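Student: So I've got this file, coords12.tsv, and it contains TSV, C-alpha atoms:
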```tsv
chain	number	residue	atom	x	y	z
A	1	MET	CA	9.39	-18.06	19.80
A	2	ARG	CA	6.45	-18.29	17.41
A	3	GLN	CA	6.08	-14.49	17.49
A	4	ARG	CA	9.76	-14.03	16.66
A	5	LEU	CA	9.49	-16.47	13.75
A	6	LEU	CA	6.44	-14.60	12.42
A	7	ILE	CA	8.25	-11.27	12.56
A	8	ARG	CA	11.35	-12.78	10.95
A	9	GLN	CA	9.31	-14.38	8.16
A	10	ARG	CA	7.58	-11.11	7.33
A	11	LEU	CA	10.86	-9.22	7.29
A	12	LEU	CA	12.44	-11.85	5.01
A	13	ILE	CA	9.49	-11.64	2.65
A	14	PHE	CA	9.76	-7.83	2.68
A	15	VAL	CA	13.47	-7.92	1.82
A	16	ALA	CA	12.99	-10.61	-0.85
A	17	VAL	CA	10.15	-8.78	-2.57
A	18	HIS	CA	12.00	-5.50	-2.68
A	19	ALA	CA	15.18	-7.18	-3.81
A	20	MET	CA	13.16	-8.44	-6.78
A	21	ILE	CA	11.94	-4.91	-7.36
A	22	ALA	CA	15.54	-3.72	-7.38
A	23	VAL	CA	16.43	-6.27	-10.06
A	24	MET	CA	13.49	-5.19	-12.22
A	25	LEU	CA	14.21	-1.45	-11.95
A	26	THR	CA	16.01	-0.22	-15.04
A	27	PHE	CA	18.48	2.49	-15.92
A	28	ALA	CA	16.84	5.71	-16.94
A	29	ALA	CA	17.83	9.22	-17.99
A	30	PHE	CA	16.04	12.45	-18.87
A	31	ALA	CA	17.26	13.85	-22.17
A	32	ASP	CA	16.94	17.42	-20.89
A	33	GLU	CA	19.06	16.87	-17.77
A	34	PRO	CA	22.53	18.42	-18.07
A	35	ALA	CA	24.25	15.47	-16.36
A	36	ASN	CA	22.40	12.85	-18.42
A	37	ARG	CA	24.42	10.07	-16.82
A	38	PRO	CA	23.47	6.39	-16.36
A	39	ILE	CA	22.21	5.52	-12.90
A	40	GLN	CA	21.39	2.33	-11.07
A	41	GLU	CA	18.64	1.59	-8.54
A	42	GLU	CA	18.89	-0.86	-5.67
A	43	VAL	CA	17.31	-1.83	-2.36
A	44	TRP	CA	19.68	-2.02	0.58
A	45	ALA	CA	19.42	-3.33	4.12
A	46	LEU	CA	21.42	-0.87	6.22
A	47	PRO	CA	22.97	-2.45	9.36
A	48	ILE	CA	22.82	0.72	11.42
A	49	THR	CA	21.76	1.02	15.08
A	50	LEU	CA	18.14	0.72	13.93
A	51	PRO	CA	18.36	-1.74	10.97
A	52	THR	CA	16.72	-0.03	8.02
A	53	ILE	CA	15.59	-0.91	4.50
A	54	ALA	CA	16.39	1.83	2.00
A	55	TYR	CA	15.89	2.63	-1.67
A	56	VAL	CA	19.27	3.59	-3.15
A	57	VAL	CA	19.87	5.22	-6.52
A	58	ARG	CA	23.31	6.35	-7.64
A	59	PRO	CA	25.47	7.03	-10.66
A	60	VAL	CA	27.02	3.97	-12.26
A	61	GLY	CA	30.55	3.58	-10.94
A	62	ASP	CA	32.49	2.99	-7.75
A	63	GLY	CA	32.34	6.44	-6.20
A	64	PRO	CA	32.70	7.74	-3.60
A	65	PHE	CA	29.80	10.10	-4.27
A	66	PRO	CA	28.30	13.05	-2.45
A	67	LEU	CA	25.27	11.85	-0.48
A	68	VAL	CA	21.60	12.80	-0.48
A	69	ILE	CA	19.32	11.39	2.22
A	70	MET	CA	15.60	11.65	1.45
A	71	ASN	CA	13.07	11.38	4.30
A	72	HIS	CA	9.45	10.43	3.56
A	73	GLY	CA	6.33	11.55	5.39
A	74	VAL	CA	4.39	9.61	8.02
A	75	SER	CA	1.04	7.97	8.48
A	76	LEU	CA	-0.42	7.45	11.94
A	77	ASN	CA	-2.63	4.66	10.59
A	78	GLN	CA	-1.05	1.19	10.97
A	79	ARG	CA	-2.88	-0.27	7.98
A	80	GLU	CA	-1.73	2.61	5.75
A	81	ARG	CA	1.84	2.14	6.97
A	82	SER	CA	1.73	-1.55	6.04
A	83	PHE	CA	1.04	-0.58	2.40
A	84	PHE	CA	3.42	2.38	2.36
A	85	PRO	CA	5.51	2.36	-0.84
A	86	LEU	CA	9.21	1.67	-0.55
A	87	VAL	CA	9.92	4.37	-3.14
A	88	GLU	CA	7.71	7.38	-2.56
A	89	PHE	CA	9.54	9.91	-4.71
A	90	ARG	CA	11.48	7.90	-7.27
A	91	ASP	CA	11.65	10.62	-9.95
A	92	ALA	CA	12.93	13.18	-7.47
A	93	ALA	CA	15.56	10.75	-6.22
A	94	MET	CA	16.70	10.01	-9.78
A	95	TRP	CA	17.03	13.75	-10.44
A	96	PHE	CA	19.56	14.01	-7.62
A	97	ALA	CA	21.36	10.84	-8.77
A	98	ARG	CA	21.77	12.26	-12.28
A	99	ARG	CA	23.33	15.28	-10.67
A	100	GLY	CA	25.99	12.96	-9.27
A	101	TYR	CA	24.66	12.06	-5.82
A	102	MET	CA	24.23	8.70	-4.17
A	103	VAL	CA	20.65	8.92	-2.88
A	104	VAL	CA	19.55	6.93	0.16
A	105	ALA	CA	15.82	7.01	0.94
A	106	PRO	CA	15.25	5.06	4.16
A	107	SER	CA	11.94	3.36	4.90
A	108	GLY	CA	10.90	4.44	8.38
A	109	ALA	CA	10.57	1.92	11.18
A	110	GLY	CA	7.04	0.55	11.34
A	111	TYR	CA	6.40	0.70	7.57
A	112	GLY	CA	5.83	-2.09	5.07
A	113	ALA	CA	6.34	-5.54	6.58
A	114	GLY	CA	7.58	-3.80	9.72
A	115	ALA	CA	4.06	-2.46	10.37
A	116	LEU	CA	3.19	-5.53	12.41
A	117	ASP	CA	0.63	-4.62	15.06
A	118	GLU	CA	-1.34	-7.51	16.51
A	119	PRO	CA	-2.05	-6.58	20.15
A	120	ASP	CA	-4.03	-9.80	20.74
A	121	ARG	CA	-0.82	-11.73	20.16
A	122	GLY	CA	1.40	-9.21	21.90
A	123	LEU	CA	3.01	-8.04	18.66
A	124	TYR	CA	3.84	-4.36	18.28
A	125	SER	CA	5.90	-2.70	15.58
A	126	LEU	CA	8.49	-0.03	16.29
A	127	PHE	CA	6.97	3.29	15.28
A	128	TYR	CA	8.60	6.33	16.82
A	129	SER	CA	7.10	9.25	14.90
A	130	LYS	CA	4.00	9.94	16.98
A	131	ILE	CA	3.64	13.46	18.34
A	132	GLY	CA	1.21	12.69	21.16
A	133	ARG	CA	-2.10	14.39	21.90
A	134	CYS	CA	-3.07	17.47	19.94
A	135	ASP	CA	-3.50	19.49	23.14
A	136	ASN	CA	0.14	18.83	24.05
A	137	PRO	CA	2.07	17.59	20.99
A	138	ASN	CA	5.78	16.88	21.05
A	139	PHE	CA	6.80	18.14	17.63
A	140	ARG	CA	10.44	18.61	18.60
A	141	ASP	CA	11.36	15.06	19.60
A	142	ALA	CA	9.45	13.48	16.69
A	143	GLY	CA	11.62	15.48	14.28
A	144	LEU	CA	14.86	14.78	16.10
A	145	ALA	CA	14.15	11.02	16.18
A	146	VAL	CA	14.23	10.81	12.39
A	147	ALA	CA	17.19	13.21	12.26
A	148	LEU	CA	19.12	10.75	14.44
A	149	VAL	CA	18.50	7.94	11.94
A	150	ASP	CA	19.86	10.25	9.23
A	151	LYS	CA	23.03	10.73	11.27
A	152	TRP	CA	23.46	6.96	11.62
A	153	ILE	CA	23.09	6.59	7.85
A	154	MET	CA	25.72	9.27	7.22
A	155	ASP	CA	28.14	7.61	9.63
A	156	TYR	CA	27.62	4.16	8.10
A	157	MET	CA	28.03	5.34	4.50
A	158	ALA	CA	31.18	7.25	5.45
A	159	ASP	CA	32.64	4.24	7.29
A	160	GLN	CA	32.09	2.13	4.16
A	161	LYS	CA	33.96	4.71	2.03
A	162	LEU	CA	30.90	4.99	-0.22
A	163	ILE	CA	30.40	8.74	0.07
A	164	VAL	CA	32.31	12.00	0.29
A	165	PRO	CA	31.65	12.58	4.01
A	166	ASP	CA	31.71	16.36	3.91
A	167	LYS	CA	29.28	16.62	0.97
A	168	VAL	CA	25.88	15.62	2.33
A	169	ILE	CA	22.47	17.08	1.44
A	170	VAL	CA	19.36	16.12	3.44
A	171	VAL	CA	15.95	16.31	1.72
A	172	GLY	CA	12.53	15.61	3.19
A	173	GLN	CA	8.83	15.90	2.49
A	174	SER	CA	6.05	16.59	5.02
A	175	ALA	CA	7.10	14.95	8.32
A	176	GLY	CA	10.35	14.04	6.57
A	177	GLY	CA	10.82	17.71	5.77
A	178	TRP	CA	10.16	18.52	9.41
A	179	ALA	CA	12.86	16.01	10.39
A	180	SER	CA	15.20	17.75	7.96
A	181	ILE	CA	14.52	21.10	9.65
A	182	ALA	CA	15.12	19.41	13.00
A	183	LEU	CA	18.45	18.13	11.67
A	184	SER	CA	19.44	21.68	10.71
A	185	SER	CA	19.53	22.55	14.42
A	186	GLN	CA	22.32	19.98	14.91
A	187	ASN	CA	24.78	21.66	12.50
A	188	LEU	CA	26.45	18.39	11.51
A	189	PRO	CA	29.84	19.16	9.93
A	190	GLY	CA	29.30	17.14	6.74
A	191	VAL	CA	25.83	18.50	5.93
A	192	ARG	CA	26.20	21.22	3.32
A	193	ALA	CA	22.49	22.08	2.96
A	194	ILE	CA	18.95	20.95	3.70
A	195	ILE	CA	15.88	20.97	1.43
A	196	ALA	CA	12.37	20.69	2.88
A	197	PHE	CA	9.24	20.15	0.78
A	198	ALA	CA	5.89	20.91	2.47
A	199	ALA	CA	7.51	20.45	5.89
A	200	GLY	CA	5.52	20.21	9.09
A	201	ARG	CA	3.71	17.99	11.56
A	202	GLY	CA	0.13	17.72	12.75
A	203	GLY	CA	-1.59	18.55	9.46
A	204	ARG	CA	-5.12	17.58	8.39
A	205	VAL	CA	-6.38	16.52	11.81
A	206	ASP	CA	-9.37	14.14	11.42
A	207	GLY	CA	-8.76	14.24	7.66
A	208	LYS	CA	-9.92	17.84	7.36
A	209	ALA	CA	-8.08	20.26	5.09
A	210	ASN	CA	-6.17	23.05	6.85
A	211	ASN	CA	-7.16	21.65	10.25
A	212	ASN	CA	-3.86	21.68	12.11
A	213	CYS	CA	-2.88	20.23	15.44
A	214	ALA	CA	-1.64	23.02	17.73
A	215	PRO	CA	-0.22	25.29	15.00
A	216	ASP	CA	1.13	27.78	17.56
A	217	LYS	CA	3.21	25.02	19.12
A	218	LEU	CA	4.46	23.97	15.69
A	219	VAL	CA	5.62	27.54	15.06
A	220	ALA	CA	7.27	27.65	18.50
A	221	ALA	CA	9.11	24.36	17.82
A	222	THR	CA	10.27	25.74	14.47
A	223	ALA	CA	11.69	28.79	16.25
A	224	GLU	CA	13.45	26.52	18.73
A	225	PHE	CA	15.21	24.71	15.89
A	226	GLY	CA	16.11	28.05	14.33
A	227	GLN	CA	17.91	29.20	17.48
A	228	THR	CA	20.81	26.82	16.88
A	229	ALA	CA	20.47	26.12	13.14
A	230	ARG	CA	23.21	27.50	10.92
A	231	THR	CA	23.01	25.05	8.00
A	232	PRO	CA	21.53	26.66	4.84
A	233	THR	CA	18.00	25.44	4.17
A	234	LEU	CA	15.57	25.67	1.26
A	235	TRP	CA	11.83	25.52	2.06
A	236	ILE	CA	9.38	24.77	-0.76
A	237	TYR	CA	5.62	24.99	-0.17
A	238	ILE	CA	2.64	25.02	-2.52
A	239	GLU	CA	-0.38	27.31	-2.42
A	240	ASN	CA	-2.94	24.48	-2.34
A	241	ASP	CA	-1.21	22.39	0.32
A	242	THR	CA	-4.08	21.19	2.55
A	243	PHE	CA	-1.72	20.11	5.35
A	244	PHE	CA	0.40	23.25	5.79
A	245	GLY	CA	-1.14	26.18	3.98
A	246	PRO	CA	0.61	29.45	3.07
A	247	ALA	CA	-0.35	31.30	6.26
A	248	LEU	CA	1.12	28.60	8.51
A	249	SER	CA	4.24	27.94	6.43
A	250	ASN	CA	4.99	31.68	6.36
A	251	ARG	CA	4.67	31.85	10.14
A	252	MET	CA	7.04	28.92	10.50
A	253	HIS	CA	9.58	30.50	8.17
A	254	GLN	CA	9.44	33.86	9.91
A	255	ALA	CA	9.85	32.22	13.33
A	256	TYR	CA	12.81	30.14	12.13
A	257	THR	CA	14.71	33.02	10.54
A	258	ALA	CA	13.89	35.46	13.36
A	259	ALA	CA	15.47	32.97	15.77
A	260	GLY	CA	18.65	32.88	13.66
A	261	GLY	CA	18.06	30.06	11.16
A	262	SER	CA	19.05	30.38	7.50
A	263	ALA	CA	16.07	29.58	5.25
A	264	GLU	CA	15.22	30.42	1.64
A	265	TYR	CA	11.43	30.21	1.26
A	266	HIS	CA	9.45	29.63	-1.94
A	267	LEU	CA	5.69	29.32	-2.35
A	268	LEU	CA	4.80	27.63	-5.65
A	269	PRO	CA	1.46	27.96	-7.50
A	270	PRO	CA	-1.24	25.32	-6.94
A	271	PHE	CA	-0.37	21.85	-8.16
A	272	GLY	CA	-2.83	19.00	-8.65
A	273	SER	CA	-5.62	18.42	-6.16
A	274	ASP	CA	-3.29	18.83	-3.18
A	275	GLY	CA	0.08	20.51	-3.55
A	276	HIS	CA	1.32	18.74	-0.41
A	277	PHE	CA	2.33	15.81	-2.62
A	278	LEU	CA	4.25	17.84	-5.21
A	279	ILE	CA	7.49	15.90	-4.81
A	280	ASP	CA	5.72	12.57	-5.47
A	281	SER	CA	4.81	13.57	-9.04
A	282	PRO	CA	7.10	13.18	-12.07
A	283	GLU	CA	5.30	16.12	-13.70
A	284	ALA	CA	6.42	18.39	-10.86
A	285	VAL	CA	10.16	17.95	-11.42
A	286	PRO	CA	10.41	20.87	-13.91
A	287	LEU	CA	8.65	23.10	-11.34
A	288	TRP	CA	11.02	22.60	-8.42
A	289	ALA	CA	14.24	21.54	-10.18
A	290	PRO	CA	15.34	25.11	-11.12
A	291	LEU	CA	14.96	26.25	-7.49
A	292	VAL	CA	16.74	23.23	-6.08
A	293	GLY	CA	19.44	23.32	-8.75
A	294	ALA	CA	20.24	26.98	-8.07
A	295	PHE	CA	20.29	26.33	-4.32
A	296	LEU	CA	22.68	23.40	-4.72
A	297	ASP	CA	24.93	25.43	-7.02
A	298	LYS	CA	25.46	27.80	-4.07
A	299	HIS	CA	26.03	25.20	-1.38
A	300	GLU	CA	27.43	22.00	-2.91
```
Please express what this file holds, its structure, as structure tokens.

Tutor:
Amino acid sequence: MRQRLLIRQRLLIFVAVHAMIAVMLTFAAFADEPANRPIQEEVWALPITLPTIAYVVRPVGDGPFPLVIMNHGVSLNQRERSFFPLVEFRDAAMWFARRGYMVVAPSGAGYGAGALDEPDRGLYSLFYSKIGRCDNPNFRDAGLAVALVDKWIMDYMADQKLIVPDKVIVVGQSAGGWASIALSSQNLPGVRAIIAFAAGRGGRVDGKANNNCAPDKLVAATAEFGQTARTPTLWIYIENDTFFGPALSNRMHQAYTAAGGSAEYHLLPPFGSDGHFLIDSPEAVPLWAPLVGAFLDKHE
């Protein structure tokens, strides 16, 4: 009973704090954006099969709106997950909202106040994104687990009449991008297109740049997704990505398309100290927005 109360208290604090954040967030607009529409930012608790806290940004109004789901990356370190930001790519999310989308960016299970691991007291958080040992990683199921949460979010938003159910775009970065590629293999009817930034799993093993966990198996898993994937996808990588460098990302793309997947691949010039985090930076929006905008113009 005491353990349940502790978990409940932490979750209530988490929701309360981020509700305050939602109140403090203000309307914003970029003068050079063609839509230039007012937007509003909120924090929602989504009562889906796996209850989820999400950052939501959308145009002002009642909707329904087309939907964008944005998946963040992962950390295998419990302490890092406990301090993981609720909004990892706010400027990118607002760019999509100004284009007319309702953006839902779920916080993965086991992050923030949910990262409660105290084995001495028998407390363990739900964290389902591990890939296992490097000598035998399970890249496939880790991606599909997050893709399943995306499907639950789509179903819930459609049931609430908040979205246009056949106009969904899924976006992800790093492990979230990998989950987006995994989702492409499901060919969900309402998903018009998928956008993956720096997608992959098993990067920077032991904190070392370009030290990847079983890269051949990552390429093989990418090919497996490509065998059934027919949803258009856009892959954006950066030359100085220290998690998934150009050689590996090119192999993944070639394997995916050779297996039958539809993927437009772009390798951008170096950005910052590590291009892997391109989407996190407000300064990067002008770099990727033309590519993403042109891609959406074709598939919205």

Student: Compile the contact shell of Ser273 (chain A) as a PyMOL selection string: residues with an atom at most 10 Å away, counting only C-alpha atoms, same-chain residues fewer than 4 positions apart removed.

Tutor: chain A and resi 240-242+277-278

Student: Using only C-alpha atoms for the distances, tell me which of A:Tyr237, A:Phe243, A:Trp95, A:Phe271 is nearest to Arg201 (chain A).

Tutor: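 Comparing A:Tyr237, A:Phe243, A:Trp95, A:Phe271 against Arg201 (chain A), the winner is A:Phe243.
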
Student: Hey, which of A:Ile194, A:Ala92, A:Ile236, A:Val149 ends up closest to Ile53 (chain A)? Count all atoms listed in the file.

Tutor: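 Comparing A:Ile194, A:Ala92, A:Ile236, A:Val149 against Ile53 (chain A), the winner is A:Val149.
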
Student: Work out how far apart CA of Arg99 (chain A) and CA of Glu300 (chain A) are and give it in Å to one decimal.

Tutor: 11.1 Å

Student: Got a sec to check which residues sit within 12 Å of (25.6, 22.6, -0.4), counting all atoms listed in the file, and write them as JSON, numbers by chain?

Tutor: {"A": [66, 67, 68, 101, 166, 167, 168, 169, 170, 171, 189, 190, 191, 192, 193, 194, 195, 231, 232, 233, 234, 292, 293, 294, 295, 296, 297, 298, 299, 300]}

Student: Pick out the closest residue to Val60 (chain A) from this set: A:Leu248, A:Val74, A:Ala175, A:Ile39. Count all atoms listed in the file.

Tutor: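 The closest residue to Val60 (chain A) is A:Ile39.
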
Student: Using CA of Pro286 (chain A) and CA of Gly200 (chain A) as the two end points, give the distance in Å to one decimal.

Tutor: 23.5 Å
